[in-house]
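*Asks:* Here it is: the structure, laid out below.
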Amino acid sequence: MTLSQPPLSLPSNPPHDSLPIETFDAIVLGAGGAGMRAALALSKKGHKVAMVSKVFPTRSHTVAAQGGINAALGNISPDQWHWHMYDTIKGSDYLGDQDAIEFMCSEAAHIVRELEHFGVPFSRLNNGKIYQRAFGGQSQSFGEKQAHRTCAAADRTGHAILHSLYQQLLATGVQMFDEYYALDLIKNQQGEINGLCVMNIHNGEYEILQSPHILIATGGAGQLYRTNTNASINTGDGLGMVLRAGLPLQDMEFWQFHPTGVAGKGMLISEAARGEGGVLRNADGEAFMHRYAPHVKDLASRDVVARAIAIEVQQGRGCGPNQDHVLLDLTHLPAETVEKRLPGIRDISKTFLGIDPVEAPIAVFPTCHYMMGGIPTDLNGQVITLNDHNQLQPVNGLYAIGECACVSVHGANRLGGNSLLDIIVFGRQAADYIHRQLQTDIPSKSRPSDLILKPVLERIQRWQTPQPSEDSLASIKHDLQTTMETGCGVFRNADSMQATLKALETLNRRLQTVTLDDHGAVFNLDRLQAYELENLMAIAFATVHSSLSRTESRGAHSRVDYPERDDENWLKHTLYFQQQNRIAYKPVNLQPKQHPPFPPKPRVY
């Protein structure tokens, strides 16, 4: 890779003619499982598709998913998709939209079989059927007993799915823009979104990719927090560009802190470890989850387990010299079970802790893992906004799927094993919808106007020329991550979030004045870091304003000053607009299309 180049030869106010344009039937932004599944479907239907990824596709973060993908196959114990639907709605703390959850769960078995036919090497039972493990928050018969629903490829399921999809994709005509970074959405002269401005990370050159259908699949933004399970690429790029386009983000107060990250480091210790029989213990050696979830114990939903661990530490029962973590104990499991079912977990423990989990327990503490909120969409992946009359309406030609989207199947808390299902179900569904639209489309051939391109070109120019600077992007990012973890983490209150908001305003001023200073040369990766940090800053404001607005505790949003769930006033989604930090609301859909609805009730495990 070429890491550096002379400053881009753009005049101070470059005309749009200085940027080359390529045109496609559809553009997929992001090459994780969601983007790959959509690009594969569109390409197989004969459309000219571009897939843009800021990393080589198989480095997309789907590759890090460990535990499995949920589907009611019933290979180990009886199962029904209606039970899966109930568990997902309950897990969401009743904030998930029941029509979307119903659709996802009813499609799950077909999706898993389709992945099997694509070549995903699922682990097998002795009878040859796909192996399914127990996972948190999942039950038979609407909560009566534990379900085995999570289809697994050892503890590397995301890796297996992503590589299998990529192999399928290589046989199509998708045009890959590997190691290209998307800056912003572009509108045509009618004000419709129909393009992207992208930067080639290899040489720092910019161009416009144009299409009547743009599908955002850029994944999550876990880099917002200091301790997280996410890759460094997870900076919420799609969310940032949506905000700058004047569109909202939904439910950004809901961030899942996975109960079992490597203590002090954040790397994920999959829920599969507890699904295979692992037990959480405090400093007294007590298996403490019976006090928080008496029926399912260590296999309660993630928000419940994360809070339980945090409380154990806060109340002085933490382990280690600093009493700052608990222990995940696998030592009672047969060594062959760990070797066969949890090889990746064993490798992580050995690499980062120097501990073989067969012989000693793993130090764990909650770590930022997953973003339940995101870009609001309908079941077809079409982005939703509010019009001038405060009514919901679709944004023509713009779609979002995967973790960057909020359809909302996860509500206030995601169940383990539902994220891989989400990306494949809605990746395929969005592609099917775009295909239908392309049958009647007359693509616009017009170039974007200078006026429409001006904000994008100003961003480019902002980071073009190196200048001496006492501050640095790395310092600002570190302070941003620490600020968010301290003031808007597992537990929050109005005072901590107001202090966080003031700190964010100071950090944002620093970001507006910092310059790139690298002894006379600006590296492409420096520019990339600058663009990413702008996105993280915007997402931080969205998170804190949304969290302040929701005066209740629900799922992953746990406010010590409002400890109870409030269905009377808060059974609704938040919509955050960057302009004036405006918060609007959208009702939760409590009406499935086939199954009777599941009314909200106390959430007990």
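Chain lettering (A, B, ...) mirrors the order of the structure tokens, residue numbering begins at 1 for each chain separately, and ligand numbering begins at 1 in order of display.
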Any idea what's packed within 9 Å of region 409-411 of chain A, counting only C-alpha atoms, ignoring anything in its chain fewer than 6 positions away? Could you give it as a list in words?

*Replies:*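 Near neighbours after the sequence-gap exclusion: Thr88, Ile89, Gly91, Ser92, Asp93, Tyr94, Leu95, Gly96, Asp97, Gln98, Asp99, Ala100, Ile101, Glu102, Met104, Asp251, Phe254, Met372, Gly373, Asn418, Ser419, Asp422, Gly555 and His573 of chain A.
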
*Asks:* With N, CA and C atoms retained, write the just-selected residues as a short mmCIF file (atom, residue, chain, number, x, y, z; two decimals), in the first residue's frame.

*Replies:*
```
data_model
loop_
_atom_site.label_atom_id
_atom_site.label_comp_id
_atom_site.auth_asym_id
_atom_site.auth_seq_id
_atom_site.Cartn_x
_atom_site.Cartn_y
_atom_site.Cartn_z
N THR A 88 -36.93 -13.10 21.49
CA THR A 88 -36.32 -11.89 20.94
C THR A 88 -37.06 -10.64 21.41
N ILE A 89 -38.38 -10.72 21.43
CA ILE A 89 -39.19 -9.59 21.91
C ILE A 89 -38.94 -9.35 23.40
N GLY A 91 -36.26 -10.29 25.06
CA GLY A 91 -34.88 -9.84 25.17
C GLY A 91 -34.73 -8.38 24.84
N SER A 92 -35.54 -7.89 23.90
CA SER A 92 -35.49 -6.48 23.50
C SER A 92 -36.08 -5.57 24.55
N ASP A 93 -36.55 -6.13 25.65
CA ASP A 93 -37.28 -5.40 26.69
C ASP A 93 -38.49 -4.69 26.10
N TYR A 94 -39.10 -5.38 25.10
CA TYR A 94 -40.35 -4.97 24.47
C TYR A 94 -40.22 -3.67 23.66
N LEU A 95 -39.00 -3.29 23.32
CA LEU A 95 -38.81 -2.13 22.44
C LEU A 95 -38.63 -2.54 20.98
N GLY A 96 -38.40 -3.83 20.73
CA GLY A 96 -38.27 -4.29 19.35
C GLY A 96 -39.61 -4.22 18.63
N ASP A 97 -39.56 -3.96 17.32
CA ASP A 97 -40.79 -3.92 16.52
C ASP A 97 -41.21 -5.35 16.19
N GLN A 98 -42.42 -5.73 16.60
CA GLN A 98 -42.80 -7.13 16.55
C GLN A 98 -43.02 -7.64 15.13
N ASP A 99 -43.36 -6.76 14.19
CA ASP A 99 -43.48 -7.23 12.81
C ASP A 99 -42.12 -7.58 12.23
N ALA A 100 -41.09 -6.79 12.56
CA ALA A 100 -39.74 -7.06 12.07
C ALA A 100 -39.17 -8.31 12.72
N ILE A 101 -39.40 -8.48 14.02
CA ILE A 101 -38.90 -9.66 14.73
C ILE A 101 -39.57 -10.92 14.19
N GLU A 102 -40.87 -10.84 13.97
CA GLU A 102 -41.60 -11.97 13.41
C GLU A 102 -41.01 -12.37 12.05
N MET A 104 -37.96 -11.80 10.84
CA MET A 104 -36.62 -12.34 10.98
C MET A 104 -36.65 -13.78 11.49
N ASP A 251 -32.71 5.26 18.38
CA ASP A 251 -32.41 4.47 19.59
C ASP A 251 -30.92 4.42 19.91
N PHE A 254 -29.02 2.93 23.25
CA PHE A 254 -28.90 1.50 23.57
C PHE A 254 -27.61 0.91 23.00
N MET A 372 -27.40 -1.30 19.39
CA MET A 372 -28.77 -1.68 19.04
C MET A 372 -29.44 -0.62 18.16
N GLY A 373 -29.06 0.65 18.35
CA GLY A 373 -29.62 1.72 17.53
C GLY A 373 -28.95 1.79 16.18
N ASN A 418 -28.47 -13.46 17.36
CA ASN A 418 -29.41 -12.77 16.46
C ASN A 418 -28.72 -11.79 15.52
N SER A 419 -27.48 -11.41 15.78
CA SER A 419 -26.84 -10.42 14.91
C SER A 419 -26.50 -11.02 13.55
N ASP A 422 -29.73 -11.35 11.68
CA ASP A 422 -30.17 -10.03 11.23
C ASP A 422 -29.50 -9.65 9.91
N GLY A 555 -33.67 -2.39 29.07
CA GLY A 555 -32.61 -3.12 28.40
C GLY A 555 -31.24 -2.60 28.78
N HIS A 573 -39.60 4.73 20.13
CA HIS A 573 -38.21 4.86 19.68
C HIS A 573 -37.82 6.34 19.66
#
```

*Asks:* Enumerate the residues of region 186-321 of chain A with a DSSP assignment of strand (DSSP E or B), computed from the backbone, and present them as number ranges by chain.

*Replies:* A: 186-187, 193-200, 206-210, 214-216, 228, 249-250, 255-262, 268, 279-281, 319

*Asks:* Determine the nearest neighbour of Glu114 (chain A) from the options A:Asn493, A:Glu552, A:Pro78, A:Arg37, counting only C-alpha atoms.

*Replies:* A:Arg37

*Asks:* Which residues are near region 190-199 of chain A? Cut-off 10 Å, only C-alpha atoms, ignore same chain within fewer than 2 positions. Put them as number ranges by chain.

*Replies:* A: 19-24, 26-27, 29, 52, 54, 177, 179-188, 201-214, 241, 245, 395-398, 443-444, 446-448, 452-453, 456-457, 460, 524, 527-528

*Asks:* Just checking: using only C-alpha atoms, which residue out of A:Pro597, A:Gly136, A:Gly489, A:Gly32 ends up closest to Ser547 (chain A)?

*Replies:* A:Gly489

*Asks:* Could you check how far CA of Tyr166 (chain A) sits from CA of Thr58 (chain A), in Å to one decimal?

*Replies:*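 Computing the Euclidean distance for CA of Tyr166 (chain A) and CA of Thr58 (chain A) yields 7.2 Å.
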
*Asks:* Please provide as a list of chain:residue names all residues within 12 Å of Met176 (chain A), with the sequence filter that same-chain residues fewer than 2 positions apart are discarded (counting only C-alpha atoms).

*Replies:*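 Once the adjacent positions are removed, what remains is A:Ile27, A:Val28, A:Leu29, A:Gly30, A:Ala31, A:Gly35, A:Met36, A:Ala39, A:Leu40, A:Ser43, A:Lys48, A:Val49, A:Ala50, A:Met51, A:Val52, A:Ser53, A:Lys54, A:Val55, A:Phe56, A:Pro57, A:Tyr166, A:Leu169, A:Leu170, A:Thr172, A:Gly173, A:Val174, A:Asp178, A:Glu179, A:Tyr180.
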
*Asks:* Mind giving me the straight-line distance from CA of Thr551 (chain A) to CA of Phe491 (chain A) in Å, one decimal?

*Replies:*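 Between these atoms lies a distance of 13.1 Å.
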
*Asks:* For each of A:Leu507, A:Met497, A:Ala34, A:Ala540, take the minimum atom-to-atom distance to Asp561 (chain A), counting only C-alpha atoms, then give the residue where this is smallest.

*Replies:* A:Met497

*Asks:* Mind checking which residues fall within 9 Å of Asp432 (chain A), counting only C-alpha atoms, ignoring those fewer than 4 positions away in the same chain, and posting them as an MDAnalysis selection string?

*Replies:* chainID A and resid 38 41:42 380 427:428 436:437

*Asks:* Write the residues of the selection above to a file with C-alpha atoms, as an mmCIF file, in the first residue's frame.

*Replies:*
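In the end it all went to out-v8.cif:
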```
data_model
loop_
_atom_site.group_PDB
_atom_site.id
_atom_site.type_symbol
_atom_site.label_atom_id
_atom_site.label_comp_id
_atom_site.auth_asym_id
_atom_site.auth_seq_id
_atom_site.Cartn_x
_atom_site.Cartn_y
_atom_site.Cartn_z
ATOM 1 C CA ALA A 38 -27.000 -8.083 -0.576
ATOM 2 C CA ALA A 41 -28.193 -11.367 -4.498
ATOM 3 C CA LEU A 42 -28.157 -8.253 -6.703
ATOM 4 C CA ASN A 380 -37.050 -3.714 3.116
ATOM 5 C CA GLY A 427 -29.276 -8.247 3.465
ATOM 6 C CA ARG A 428 -31.226 -10.598 1.238
ATOM 7 C CA ARG A 436 -37.850 -4.929 -7.902
ATOM 8 C CA GLN A 437 -37.214 -1.186 -7.994
#
```

*Asks:* Could you list, as a PyMOL selection string, every residue within 9 Å of region 305-320 of chain A, counting only C-alpha atoms and ignoring same-chain residues fewer than 5 positions away?

*Replies:* chain A and resi 256-260+280-284+288-289+291-293+297-300+325-327+363-367+490-491+556+558

*Asks:* Deliver the residues from the most recent selection as a file, using N, CA, C and O atoms, as a tab-separated table (two decimals), in the first residue's frame.

*Replies:*
```tsv
chain	number	residue	atom	x	y	z
A	256	GLN	N	-24.95	-2.25	23.76
A	256	GLN	CA	-24.79	-3.48	24.52
A	256	GLN	C	-23.36	-3.64	25.03
A	256	GLN	O	-22.41	-3.57	24.25
A	257	PHE	N	-23.25	-3.81	26.34
A	257	PHE	CA	-21.97	-4.14	26.94
A	257	PHE	C	-21.96	-5.64	27.17
A	257	PHE	O	-22.71	-6.16	28.00
A	258	HIS	N	-21.14	-6.33	26.40
A	258	HIS	CA	-21.07	-7.79	26.51
A	258	HIS	C	-20.55	-8.13	27.89
A	258	HIS	O	-19.55	-7.56	28.34
A	259	PRO	N	-21.17	-9.07	28.59
A	259	PRO	CA	-20.75	-9.36	29.97
A	259	PRO	C	-19.31	-9.83	30.08
A	259	PRO	O	-18.64	-9.54	31.07
A	260	THR	N	-18.83	-10.56	29.08
A	260	THR	CA	-17.55	-11.24	29.24
A	260	THR	C	-16.53	-10.80	28.18
A	260	THR	O	-16.30	-11.49	27.20
A	280	LEU	N	-19.89	-18.03	35.90
A	280	LEU	CA	-19.29	-16.81	36.43
A	280	LEU	C	-19.16	-16.91	37.95
A	280	LEU	O	-20.12	-17.30	38.63
A	281	ARG	N	-17.97	-16.52	38.46
A	281	ARG	CA	-17.73	-16.58	39.91
A	281	ARG	C	-17.14	-15.27	40.40
A	281	ARG	O	-16.37	-14.61	39.69
A	282	ASN	N	-17.49	-14.89	41.63
A	282	ASN	CA	-16.93	-13.69	42.24
A	282	ASN	C	-15.71	-14.05	43.10
A	282	ASN	O	-15.23	-15.19	43.10
A	283	ALA	N	-15.21	-13.08	43.87
A	283	ALA	CA	-14.00	-13.29	44.67
A	283	ALA	C	-14.18	-14.36	45.74
A	283	ALA	O	-13.19	-14.97	46.19
A	284	ASP	N	-15.42	-14.62	46.14
A	284	ASP	CA	-15.69	-15.66	47.14
A	284	ASP	C	-15.82	-17.04	46.51
A	284	ASP	O	-16.11	-18.02	47.21
A	288	PHE	N	-22.54	-16.49	41.24
A	288	PHE	CA	-23.46	-15.48	41.77
A	288	PHE	C	-24.71	-15.22	40.94
A	288	PHE	O	-25.63	-14.55	41.38
A	289	MET	N	-24.79	-15.74	39.70
A	289	MET	CA	-25.90	-15.36	38.83
A	289	MET	C	-27.26	-15.85	39.32
A	289	MET	O	-28.29	-15.34	38.89
A	291	ARG	N	-28.57	-15.09	41.95
A	291	ARG	CA	-29.22	-13.97	42.65
A	291	ARG	C	-29.82	-12.96	41.69
A	291	ARG	O	-30.64	-12.14	42.08
A	292	TYR	N	-29.43	-13.00	40.43
A	292	TYR	CA	-29.91	-12.03	39.44
A	292	TYR	C	-30.87	-12.66	38.43
A	292	TYR	O	-31.75	-11.98	37.89
A	293	ALA	N	-30.66	-13.94	38.14
A	293	ALA	CA	-31.53	-14.66	37.19
A	293	ALA	C	-31.70	-16.08	37.73
A	293	ALA	O	-31.01	-17.00	37.29
A	297	LYS	N	-29.85	-18.38	35.30
A	297	LYS	CA	-28.53	-18.09	35.86
A	297	LYS	C	-27.60	-17.47	34.81
A	297	LYS	O	-27.87	-16.39	34.30
A	298	ASP	N	-26.50	-18.15	34.48
A	298	ASP	CA	-25.48	-17.56	33.60
A	298	ASP	C	-25.96	-17.35	32.17
A	298	ASP	O	-25.29	-16.69	31.39
A	299	LEU	N	-27.11	-17.90	31.83
A	299	LEU	CA	-27.64	-17.75	30.47
A	299	LEU	C	-28.81	-16.78	30.43
A	299	LEU	O	-29.71	-16.91	29.60
A	300	ALA	N	-28.81	-15.79	31.30
A	300	ALA	CA	-29.75	-14.67	31.18
A	300	ALA	C	-29.32	-13.80	30.00
A	300	ALA	O	-28.25	-13.97	29.42
A	325	HIS	N	-12.79	-7.23	38.45
A	325	HIS	CA	-13.34	-8.16	37.48
A	325	HIS	C	-13.92	-9.37	38.20
A	325	HIS	O	-13.80	-9.50	39.43
A	326	VAL	N	-14.58	-10.24	37.44
A	326	VAL	CA	-15.01	-11.54	37.96
A	326	VAL	C	-14.34	-12.62	37.13
A	326	VAL	O	-13.59	-12.33	36.19
A	327	LEU	N	-14.62	-13.88	37.45
A	327	LEU	CA	-13.97	-14.99	36.76
A	327	LEU	C	-14.99	-15.84	36.01
A	327	LEU	O	-16.08	-16.13	36.53
A	363	ALA	N	-10.34	-14.00	33.55
A	363	ALA	CA	-10.78	-12.73	34.13
A	363	ALA	C	-11.62	-11.96	33.11
A	363	ALA	O	-11.15	-11.70	32.00
A	364	VAL	N	-12.86	-11.60	33.48
A	364	VAL	CA	-13.77	-10.94	32.54
A	364	VAL	C	-14.45	-9.74	33.19
A	364	VAL	O	-14.61	-9.68	34.41
A	365	PHE	N	-14.86	-8.81	32.35
A	365	PHE	CA	-15.63	-7.64	32.77
A	365	PHE	C	-16.38	-7.12	31.55
A	365	PHE	O	-15.91	-7.27	30.42
A	366	PRO	N	-17.56	-6.49	31.74
A	366	PRO	CA	-18.34	-6.00	30.59
A	366	PRO	C	-17.54	-5.06	29.69
A	366	PRO	O	-16.77	-4.22	30.16
A	367	THR	N	-17.77	-5.20	28.38
A	367	THR	CA	-17.05	-4.42	27.38
A	367	THR	C	-18.02	-4.03	26.27
A	367	THR	O	-18.91	-4.82	25.92
A	490	VAL	N	-22.26	1.32	31.36
A	490	VAL	CA	-23.25	0.33	31.80
A	490	VAL	C	-24.34	0.98	32.64
A	490	VAL	O	-25.53	0.71	32.47
A	491	PHE	N	-23.95	1.88	33.55
A	491	PHE	CA	-24.90	2.65	34.35
A	491	PHE	C	-24.73	4.13	34.03
A	491	PHE	O	-23.62	4.61	33.82
A	556	ALA	N	-30.44	-2.29	27.78
A	556	ALA	CA	-29.06	-1.85	28.01
A	556	ALA	C	-28.97	-0.42	28.52
A	556	ALA	O	-27.89	0.02	28.93
A	558	SER	N	-29.51	1.71	31.32
A	558	SER	CA	-29.77	1.54	32.75
A	558	SER	C	-29.46	2.83	33.49
A	558	SER	O	-28.30	3.19	33.71
```

*Asks:* Rank nothing, just name the residue among A:Thr574, A:Thr227, A:Thr331, A:Ser77 nearest to Asp356 (chain A), using only C-alpha atoms.

*Replies:* A:Thr331

*Asks:* Taking 6 positions as the minimum chain separation for residues in the same chain, which residues sit within 12 Å of Gly416 (chain A) when counting only C-alpha atoms? Answer as an NGL selection string.

*Replies:* :A and (65-71 or 84 or 87-88 or 91-92 or 133-138 or 149-152 or 256-259 or 270-272 or 274-275 or 299-303 or 369-370 or 410 or 422)
